[in-house]
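Data block for query_29.cif (mmCIF, N, CA and C atoms):
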```
data_upload
loop_
_atom_site.label_atom_id
_atom_site.label_comp_id
_atom_site.auth_asym_id
_atom_site.auth_seq_id
_atom_site.Cartn_x
_atom_site.Cartn_y
_atom_site.Cartn_z
N MET A 1 -41.51 147.82 188.08
CA MET A 1 -41.71 148.26 186.74
C MET A 1 -40.52 147.77 185.90
N PRO A 2 -40.78 147.10 184.79
CA PRO A 2 -39.71 146.62 183.93
C PRO A 2 -38.94 147.77 183.29
N VAL A 3 -37.64 147.63 183.26
CA VAL A 3 -36.78 148.63 182.65
C VAL A 3 -35.85 147.92 181.68
N SER A 4 -35.71 148.48 180.50
CA SER A 4 -34.87 147.88 179.48
C SER A 4 -33.43 147.75 179.95
N GLY A 5 -32.84 146.57 179.77
CA GLY A 5 -31.44 146.37 180.08
C GLY A 5 -31.13 145.95 181.50
N VAL A 6 -32.12 145.90 182.38
CA VAL A 6 -31.87 145.57 183.78
C VAL A 6 -31.31 144.14 183.92
N GLN A 7 -31.85 143.20 183.18
CA GLN A 7 -31.38 141.82 183.28
C GLN A 7 -29.91 141.72 182.89
N THR A 8 -29.54 142.37 181.81
CA THR A 8 -28.15 142.35 181.36
C THR A 8 -27.25 143.03 182.38
N TYR A 9 -27.68 144.15 182.90
CA TYR A 9 -26.91 144.89 183.90
C TYR A 9 -26.68 144.02 185.14
N CYS A 10 -27.75 143.41 185.65
CA CYS A 10 -27.63 142.57 186.85
C CYS A 10 -26.78 141.33 186.60
N ALA A 11 -26.95 140.72 185.44
CA ALA A 11 -26.15 139.54 185.11
C ALA A 11 -24.67 139.90 185.01
N THR A 12 -24.38 141.05 184.45
CA THR A 12 -22.99 141.50 184.32
C THR A 12 -22.38 141.76 185.68
N LYS A 13 -23.13 142.43 186.57
CA LYS A 13 -22.62 142.68 187.92
C LYS A 13 -22.37 141.38 188.67
N THR A 14 -23.28 140.41 188.52
CA THR A 14 -23.12 139.13 189.19
C THR A 14 -21.88 138.40 188.66
N PHE A 15 -21.71 138.39 187.33
CA PHE A 15 -20.54 137.77 186.73
C PHE A 15 -19.26 138.42 187.24
N ALA A 16 -19.22 139.75 187.24
CA ALA A 16 -18.03 140.47 187.69
C ALA A 16 -17.70 140.13 189.15
N SER A 17 -18.72 140.01 189.97
CA SER A 17 -18.52 139.68 191.38
C SER A 17 -17.92 138.28 191.53
N TYR A 18 -18.49 137.30 190.82
CA TYR A 18 -17.99 135.92 190.92
C TYR A 18 -16.59 135.78 190.35
N ILE A 19 -16.32 136.42 189.22
CA ILE A 19 -14.99 136.30 188.62
C ILE A 19 -13.94 136.97 189.50
N ALA A 20 -14.29 138.11 190.12
CA ALA A 20 -13.35 138.78 191.02
C ALA A 20 -13.06 137.92 192.25
N GLU A 21 -14.09 137.30 192.79
CA GLU A 21 -13.87 136.44 193.96
C GLU A 21 -13.01 135.23 193.61
N ALA A 22 -13.27 134.62 192.46
CA ALA A 22 -12.47 133.48 192.03
C ALA A 22 -11.01 133.89 191.80
N LEU A 23 -10.80 135.01 191.12
CA LEU A 23 -9.44 135.49 190.87
C LEU A 23 -8.74 135.88 192.16
N HIS A 24 -9.49 136.40 193.13
CA HIS A 24 -8.92 136.73 194.43
C HIS A 24 -8.27 135.50 195.05
N TYR A 25 -9.00 134.39 195.05
CA TYR A 25 -8.47 133.15 195.65
C TYR A 25 -7.34 132.55 194.81
N GLU A 26 -7.47 132.61 193.50
CA GLU A 26 -6.45 132.02 192.63
C GLU A 26 -5.13 132.78 192.65
N THR A 27 -5.18 134.08 192.90
CA THR A 27 -3.96 134.89 192.87
C THR A 27 -3.56 135.38 194.26
N GLU A 28 -4.15 134.81 195.28
CA GLU A 28 -3.90 135.26 196.65
C GLU A 28 -2.40 135.26 196.96
N GLY A 29 -1.93 136.37 197.52
CA GLY A 29 -0.53 136.50 197.85
C GLY A 29 0.33 137.01 196.71
N LYS A 30 -0.22 137.05 195.51
CA LYS A 30 0.55 137.52 194.34
C LYS A 30 0.00 138.84 193.81
N VAL A 31 -1.32 138.92 193.69
CA VAL A 31 -2.00 140.09 193.13
C VAL A 31 -3.20 140.41 194.01
N ASP A 32 -3.42 141.68 194.27
CA ASP A 32 -4.61 142.09 195.03
C ASP A 32 -5.78 142.27 194.08
N ILE A 33 -6.81 141.45 194.27
CA ILE A 33 -8.03 141.56 193.47
C ILE A 33 -9.20 141.65 194.44
N MET A 34 -10.09 142.59 194.17
CA MET A 34 -11.23 142.82 195.04
C MET A 34 -12.45 143.13 194.19
N SER A 35 -13.58 142.61 194.61
CA SER A 35 -14.85 142.94 193.98
C SER A 35 -15.39 144.20 194.65
N TYR A 36 -15.65 145.23 193.85
CA TYR A 36 -16.19 146.48 194.38
C TYR A 36 -17.65 146.56 194.01
N GLN A 37 -18.53 146.48 195.00
CA GLN A 37 -19.97 146.46 194.78
C GLN A 37 -20.62 147.67 195.45
N ALA A 38 -20.38 148.82 194.87
CA ALA A 38 -20.90 150.06 195.45
C ALA A 38 -22.41 150.16 195.28
N GLY A 39 -23.01 150.95 196.13
CA GLY A 39 -24.41 151.30 195.96
C GLY A 39 -24.47 152.43 194.94
N PHE A 40 -25.36 153.39 195.16
CA PHE A 40 -25.49 154.50 194.22
C PHE A 40 -24.27 155.41 194.30
N VAL A 41 -23.69 155.69 193.14
CA VAL A 41 -22.62 156.67 193.01
C VAL A 41 -23.17 157.77 192.12
N ALA A 42 -22.99 159.01 192.53
CA ALA A 42 -23.59 160.15 191.83
C ALA A 42 -22.93 160.36 190.46
N THR A 43 -23.45 159.68 189.47
CA THR A 43 -22.94 159.78 188.10
C THR A 43 -24.12 159.97 187.15
N LYS A 44 -23.81 160.07 185.87
CA LYS A 44 -24.87 160.20 184.87
C LYS A 44 -25.77 158.97 184.87
N LEU A 45 -25.23 157.80 185.23
CA LEU A 45 -26.03 156.57 185.25
C LEU A 45 -27.24 156.70 186.16
N VAL A 46 -27.07 157.35 187.30
CA VAL A 46 -28.19 157.53 188.23
C VAL A 46 -28.73 158.97 188.18
N LEU A 47 -28.39 159.66 187.11
CA LEU A 47 -28.88 161.02 186.84
C LEU A 47 -28.55 161.99 187.96
N GLN A 48 -27.34 161.84 188.54
CA GLN A 48 -26.89 162.76 189.57
C GLN A 48 -25.43 163.10 189.32
N GLU A 49 -25.15 164.36 189.25
CA GLU A 49 -23.77 164.82 189.16
C GLU A 49 -23.68 166.14 189.92
N SER A 50 -23.63 166.05 191.23
CA SER A 50 -23.58 167.28 192.02
C SER A 50 -22.59 167.10 193.16
N GLU A 51 -22.26 168.19 193.81
CA GLU A 51 -21.33 168.16 194.94
C GLU A 51 -21.96 167.44 196.14
N LYS A 52 -23.28 167.55 196.28
CA LYS A 52 -23.98 166.92 197.39
C LYS A 52 -25.01 165.93 196.84
N PRO A 53 -24.61 164.68 196.64
CA PRO A 53 -25.52 163.68 196.09
C PRO A 53 -26.72 163.43 197.01
N GLN A 54 -27.79 162.95 196.42
CA GLN A 54 -29.04 162.69 197.15
C GLN A 54 -29.30 161.19 197.27
N ASP A 55 -30.23 160.82 198.13
CA ASP A 55 -30.77 159.46 198.24
C ASP A 55 -29.71 158.38 198.42
N GLY A 56 -28.76 158.61 199.31
CA GLY A 56 -27.78 157.58 199.63
C GLY A 56 -26.64 157.45 198.64
N ALA A 57 -26.61 158.30 197.63
CA ALA A 57 -25.52 158.25 196.65
C ALA A 57 -24.27 158.87 197.26
N ILE A 58 -23.10 158.43 196.78
CA ILE A 58 -21.84 159.02 197.19
C ILE A 58 -21.17 159.61 195.95
N THR A 59 -20.22 160.50 196.17
CA THR A 59 -19.52 161.11 195.04
C THR A 59 -18.57 160.09 194.41
N PRO A 60 -18.24 160.27 193.14
CA PRO A 60 -17.27 159.38 192.51
C PRO A 60 -15.93 159.38 193.25
N GLN A 61 -15.51 160.54 193.77
CA GLN A 61 -14.25 160.62 194.51
C GLN A 61 -14.29 159.75 195.76
N LYS A 62 -15.41 159.82 196.50
CA LYS A 62 -15.54 158.99 197.70
C LYS A 62 -15.58 157.51 197.32
N ALA A 63 -16.22 157.19 196.21
CA ALA A 63 -16.27 155.79 195.76
C ALA A 63 -14.86 155.28 195.49
N ALA A 64 -14.04 156.09 194.80
CA ALA A 64 -12.67 155.69 194.49
C ALA A 64 -11.84 155.58 195.77
N ASP A 65 -11.97 156.56 196.67
CA ASP A 65 -11.20 156.54 197.91
C ASP A 65 -11.51 155.31 198.75
N THR A 66 -12.79 154.98 198.90
CA THR A 66 -13.15 153.83 199.72
C THR A 66 -12.77 152.51 199.07
N CYS A 67 -12.79 152.48 197.75
CA CYS A 67 -12.38 151.27 197.04
C CYS A 67 -10.89 151.00 197.29
N PHE A 68 -10.06 152.02 197.10
CA PHE A 68 -8.63 151.84 197.31
C PHE A 68 -8.27 151.64 198.77
N ARG A 69 -9.10 152.15 199.67
CA ARG A 69 -8.88 151.94 201.10
C ARG A 69 -8.92 150.45 201.45
N ASP A 70 -9.82 149.71 200.80
CA ASP A 70 -10.02 148.30 201.13
C ASP A 70 -9.22 147.33 200.27
N LEU A 71 -8.58 147.82 199.21
CA LEU A 71 -7.81 146.96 198.32
C LEU A 71 -6.65 146.32 199.08
N GLY A 72 -6.50 145.03 198.95
CA GLY A 72 -5.45 144.29 199.65
C GLY A 72 -5.86 143.84 201.03
N ILE A 73 -7.03 144.28 201.49
CA ILE A 73 -7.51 143.92 202.83
C ILE A 73 -8.71 142.99 202.75
N GLN A 74 -9.62 143.29 201.82
CA GLN A 74 -10.85 142.50 201.69
C GLN A 74 -10.98 141.96 200.28
N LYS A 75 -11.73 140.85 200.15
CA LYS A 75 -11.98 140.32 198.81
C LYS A 75 -13.17 141.01 198.15
N MET A 76 -14.02 141.67 198.97
CA MET A 76 -15.18 142.37 198.45
C MET A 76 -15.47 143.56 199.36
N THR A 77 -15.83 144.68 198.76
CA THR A 77 -16.24 145.85 199.53
C THR A 77 -17.36 146.56 198.81
N ARG A 78 -18.18 147.23 199.59
CA ARG A 78 -19.19 148.11 199.01
C ARG A 78 -18.77 149.55 199.21
N GLY A 79 -17.64 149.74 199.89
CA GLY A 79 -17.07 151.07 200.04
C GLY A 79 -17.64 151.82 201.21
N ALA A 80 -18.53 152.73 200.95
CA ALA A 80 -19.08 153.62 201.97
C ALA A 80 -19.87 152.84 203.02
N PHE A 81 -19.84 153.35 204.26
CA PHE A 81 -20.54 152.68 205.34
C PHE A 81 -22.02 152.48 205.03
N SER A 82 -22.65 153.51 204.46
CA SER A 82 -24.08 153.40 204.17
C SER A 82 -24.34 152.27 203.17
N HIS A 83 -23.45 152.08 202.21
CA HIS A 83 -23.60 151.00 201.24
C HIS A 83 -23.34 149.64 201.88
N GLU A 84 -22.34 149.58 202.79
CA GLU A 84 -22.08 148.34 203.53
C GLU A 84 -23.30 147.96 204.37
N PHE A 85 -23.89 148.94 205.02
CA PHE A 85 -25.04 148.69 205.88
C PHE A 85 -26.24 148.17 205.09
N VAL A 86 -26.55 148.84 203.99
CA VAL A 86 -27.67 148.41 203.15
C VAL A 86 -27.40 147.00 202.60
N GLY A 87 -26.17 146.73 202.19
CA GLY A 87 -25.81 145.40 201.71
C GLY A 87 -25.98 144.34 202.78
N TRP A 88 -25.56 144.67 204.01
CA TRP A 88 -25.70 143.72 205.11
C TRP A 88 -27.18 143.44 205.39
N ILE A 89 -27.98 144.49 205.41
CA ILE A 89 -29.42 144.32 205.65
C ILE A 89 -30.03 143.43 204.57
N SER A 90 -29.72 143.71 203.31
CA SER A 90 -30.34 142.94 202.23
C SER A 90 -29.86 141.49 202.23
N GLU A 91 -28.58 141.25 202.60
CA GLU A 91 -28.10 139.88 202.67
C GLU A 91 -28.66 139.13 203.87
N THR A 92 -28.77 139.81 204.99
CA THR A 92 -29.23 139.17 206.22
C THR A 92 -30.74 138.96 206.24
N LEU A 93 -31.46 140.01 205.97
CA LEU A 93 -32.91 139.95 206.05
C LEU A 93 -33.56 139.77 204.68
N GLY A 94 -32.89 140.21 203.66
CA GLY A 94 -33.46 140.32 202.34
C GLY A 94 -34.13 139.11 201.77
N LYS A 95 -33.39 138.03 201.59
CA LYS A 95 -33.94 136.89 200.86
C LYS A 95 -35.19 136.33 201.52
N ALA A 96 -35.10 136.02 202.80
CA ALA A 96 -36.25 135.44 203.50
C ALA A 96 -37.41 136.43 203.58
N THR A 97 -37.08 137.68 203.90
CA THR A 97 -38.12 138.69 204.04
C THR A 97 -38.78 138.98 202.70
N ILE A 98 -37.97 139.14 201.67
CA ILE A 98 -38.53 139.42 200.34
C ILE A 98 -39.40 138.27 199.87
N ARG A 99 -38.93 137.03 200.07
CA ARG A 99 -39.76 135.88 199.68
C ARG A 99 -41.08 135.88 200.43
N SER A 100 -41.02 136.15 201.73
CA SER A 100 -42.23 136.16 202.55
C SER A 100 -43.20 137.24 202.09
N VAL A 101 -42.69 138.44 201.86
CA VAL A 101 -43.54 139.55 201.42
C VAL A 101 -44.12 139.25 200.05
N CYS A 102 -43.29 138.74 199.14
CA CYS A 102 -43.77 138.42 197.79
C CYS A 102 -44.84 137.33 197.85
N ARG A 103 -44.58 136.30 198.63
CA ARG A 103 -45.54 135.20 198.74
C ARG A 103 -46.85 135.71 199.32
N SER A 104 -46.76 136.53 200.35
CA SER A 104 -47.94 137.10 200.97
C SER A 104 -48.70 137.98 199.97
N THR A 105 -47.95 138.80 199.24
CA THR A 105 -48.57 139.69 198.27
C THR A 105 -49.24 138.90 197.15
N LEU A 106 -48.54 137.90 196.64
CA LEU A 106 -49.11 137.09 195.56
C LEU A 106 -50.37 136.36 196.02
N ASN A 107 -50.37 135.92 197.27
CA ASN A 107 -51.56 135.24 197.80
C ASN A 107 -52.73 136.21 197.97
N ASP A 108 -52.42 137.49 198.21
CA ASP A 108 -53.47 138.48 198.43
C ASP A 108 -54.05 139.05 197.14
N ILE A 109 -53.38 138.89 196.02
CA ILE A 109 -53.85 139.47 194.76
C ILE A 109 -55.27 139.04 194.41
N PRO A 110 -55.60 137.74 194.48
CA PRO A 110 -56.99 137.37 194.17
C PRO A 110 -58.00 138.06 195.10
N LYS A 111 -57.64 138.24 196.39
CA LYS A 111 -58.53 138.93 197.32
C LYS A 111 -58.71 140.38 196.90
N TRP A 112 -57.62 141.02 196.50
CA TRP A 112 -57.70 142.41 196.06
C TRP A 112 -58.55 142.53 194.81
N ASP A 113 -58.36 141.60 193.88
CA ASP A 113 -59.14 141.62 192.64
C ASP A 113 -60.63 141.46 192.95
N ALA A 114 -60.94 140.56 193.89
CA ALA A 114 -62.33 140.34 194.26
C ALA A 114 -62.92 141.60 194.91
N LYS A 115 -62.16 142.23 195.80
CA LYS A 115 -62.64 143.45 196.46
C LYS A 115 -62.83 144.57 195.45
N LYS A 116 -61.89 144.67 194.50
CA LYS A 116 -62.00 145.71 193.48
C LYS A 116 -63.25 145.47 192.62
N ALA A 117 -63.48 144.23 192.23
CA ALA A 117 -64.65 143.91 191.42
C ALA A 117 -65.93 144.21 192.20
N GLU A 118 -65.94 143.89 193.49
CA GLU A 118 -67.10 144.17 194.35
C GLU A 118 -67.33 145.68 194.44
N PHE A 119 -66.26 146.44 194.62
CA PHE A 119 -66.35 147.89 194.70
C PHE A 119 -66.88 148.47 193.38
N GLU A 120 -66.33 148.00 192.26
CA GLU A 120 -66.77 148.48 190.95
C GLU A 120 -68.25 148.17 190.70
N ALA A 121 -68.69 146.98 191.13
CA ALA A 121 -70.10 146.60 190.97
C ALA A 121 -71.01 147.52 191.79
N LYS A 122 -70.61 147.81 193.03
CA LYS A 122 -71.42 148.69 193.88
C LYS A 122 -71.45 150.10 193.31
N LYS A 123 -70.35 150.52 192.72
CA LYS A 123 -70.26 151.85 192.15
C LYS A 123 -71.21 152.01 190.96
N LYS A 124 -71.43 150.94 190.22
CA LYS A 124 -72.32 150.97 189.04
C LYS A 124 -73.78 150.98 189.43
N GLU A 125 -74.10 150.50 190.64
CA GLU A 125 -75.51 150.42 191.09
C GLU A 125 -76.12 151.74 191.36
#
```

Output the file's structure in the form of structure tokens.
Amino acid sequence: MPVSGVQTYCATKTFASYIAEALHYETEGKVDIMSYQAGFVATKLVLQESEKPQDGAITPQKAADTCFRDLGIQKMTRGAFSHEFVGWISETLGKATIRSVCRSTLNDIPKWDAKKAEFEAKKKE
């Protein structure tokens, strides 16, 4: 479902990731720079602000703690283990799997449309 601002949000996150990685290499040994790519953090942005976040979200405090834990050690972190795991899955399986599923789904749409039309025709009889 299209959501207003998603393209800008994603483009900004991608830009921030690339600029942080470039700066990490350019300033290596002088300044610690790391790209922090957290998953859901329980904030107003994801409509969660509670002591016990839901659906894989982490608290802002845990997000900050894990970010500073990895600073100076890694060029990129997602922080929490659950976010690292989901990131690894999406990077490892994501692109090929998503392309395959999308291609399969797109190929099936005409079949679904035909079946729906057939069903609607029978329903009118």

Interatomic distance (Å, one decimal) between atom CA of A:Ala20 and atom CA of A:Gln74
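Atom-to-atom, atom CA of A:Ala20 and atom CA of A:Gln74 are spaced 11.6 Å apart.
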
Atom C of A:Glu91 to atom C of A:Ile33 measures 21.8 Å

Taken to one decimal, the atom CA of A:Gly72-atom CA of A:Asp32 distance is 5.2 Å

Neighbours of A:Lys75 within 12 Å (only C-alpha atoms; same-chain residues fewer than 5 positions away dropped), as JSON, numbers by chain?
{"A": [17, 18, 19, 20, 21, 22, 23, 24, 25, 26, 27, 28, 31, 32, 33, 34, 35, 36, 37, 67, 70]}

Picked residues, the PyMOL selection byres ((chain A and resi 57-64) around 6.5), as an mmCIF file with N, CA and C atoms, in the coordinates of the input:
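The resulting selection_21.cif:
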```cif
data_model
loop_
_atom_site.group_PDB
_atom_site.id
_atom_site.type_symbol
_atom_site.label_atom_id
_atom_site.label_comp_id
_atom_site.auth_asym_id
_atom_site.auth_seq_id
_atom_site.Cartn_x
_atom_site.Cartn_y
_atom_site.Cartn_z
ATOM 1 N N GLY A 39 -23.010 150.950 196.130
ATOM 2 C CA GLY A 39 -24.410 151.300 195.960
ATOM 3 C C GLY A 39 -24.470 152.430 194.940
ATOM 4 N N PHE A 40 -25.360 153.390 195.160
ATOM 5 C CA PHE A 40 -25.490 154.500 194.220
ATOM 6 C C PHE A 40 -24.270 155.410 194.300
ATOM 7 N N VAL A 41 -23.690 155.690 193.140
ATOM 8 C CA VAL A 41 -22.620 156.670 193.010
ATOM 9 C C VAL A 41 -23.170 157.770 192.120
ATOM 10 N N ALA A 42 -22.990 159.010 192.530
ATOM 11 C CA ALA A 42 -23.590 160.150 191.830
ATOM 12 C C ALA A 42 -22.930 160.360 190.460
ATOM 13 N N THR A 43 -23.450 159.680 189.470
ATOM 14 C CA THR A 43 -22.940 159.780 188.100
ATOM 15 C C THR A 43 -24.120 159.970 187.150
ATOM 16 N N PRO A 53 -24.610 164.680 196.640
ATOM 17 C CA PRO A 53 -25.520 163.680 196.090
ATOM 18 C C PRO A 53 -26.720 163.430 197.010
ATOM 19 N N GLN A 54 -27.790 162.950 196.420
ATOM 20 C CA GLN A 54 -29.040 162.690 197.150
ATOM 21 C C GLN A 54 -29.300 161.190 197.270
ATOM 22 N N ASP A 55 -30.230 160.820 198.130
ATOM 23 C CA ASP A 55 -30.770 159.460 198.240
ATOM 24 C C ASP A 55 -29.710 158.380 198.420
ATOM 25 N N GLY A 56 -28.760 158.610 199.310
ATOM 26 C CA GLY A 56 -27.780 157.580 199.630
ATOM 27 C C GLY A 56 -26.640 157.450 198.640
ATOM 28 N N ASP A 65 -11.970 156.560 196.670
ATOM 29 C CA ASP A 65 -11.200 156.540 197.910
ATOM 30 C C ASP A 65 -11.510 155.310 198.750
ATOM 31 N N THR A 66 -12.790 154.980 198.900
ATOM 32 C CA THR A 66 -13.150 153.830 199.720
ATOM 33 C C THR A 66 -12.770 152.510 199.070
ATOM 34 N N CYS A 67 -12.790 152.480 197.750
ATOM 35 C CA CYS A 67 -12.380 151.270 197.040
ATOM 36 C C CYS A 67 -10.890 151.000 197.290
ATOM 37 N N PHE A 68 -10.060 152.020 197.100
ATOM 38 C CA PHE A 68 -8.630 151.840 197.310
ATOM 39 C C PHE A 68 -8.270 151.640 198.770
ATOM 40 N N ARG A 69 -9.100 152.150 199.670
ATOM 41 C CA ARG A 69 -8.880 151.940 201.100
ATOM 42 C C ARG A 69 -8.920 150.450 201.450
ATOM 43 N N GLY A 79 -17.640 149.740 199.890
ATOM 44 C CA GLY A 79 -17.070 151.070 200.040
ATOM 45 C C GLY A 79 -17.640 151.820 201.210
ATOM 46 N N ALA A 80 -18.530 152.730 200.950
ATOM 47 C CA ALA A 80 -19.080 153.620 201.970
ATOM 48 C C ALA A 80 -19.870 152.840 203.020
#
```

inquiry  = Given only N, CA and C atoms as the basis, pick out the residue of A:Ala38, A:Lys122, A:Phe15, A:Thr92 nearest to A:Thr77.
reply    =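 Distance minimum relative to A:Thr77 lands on A:Ala38.
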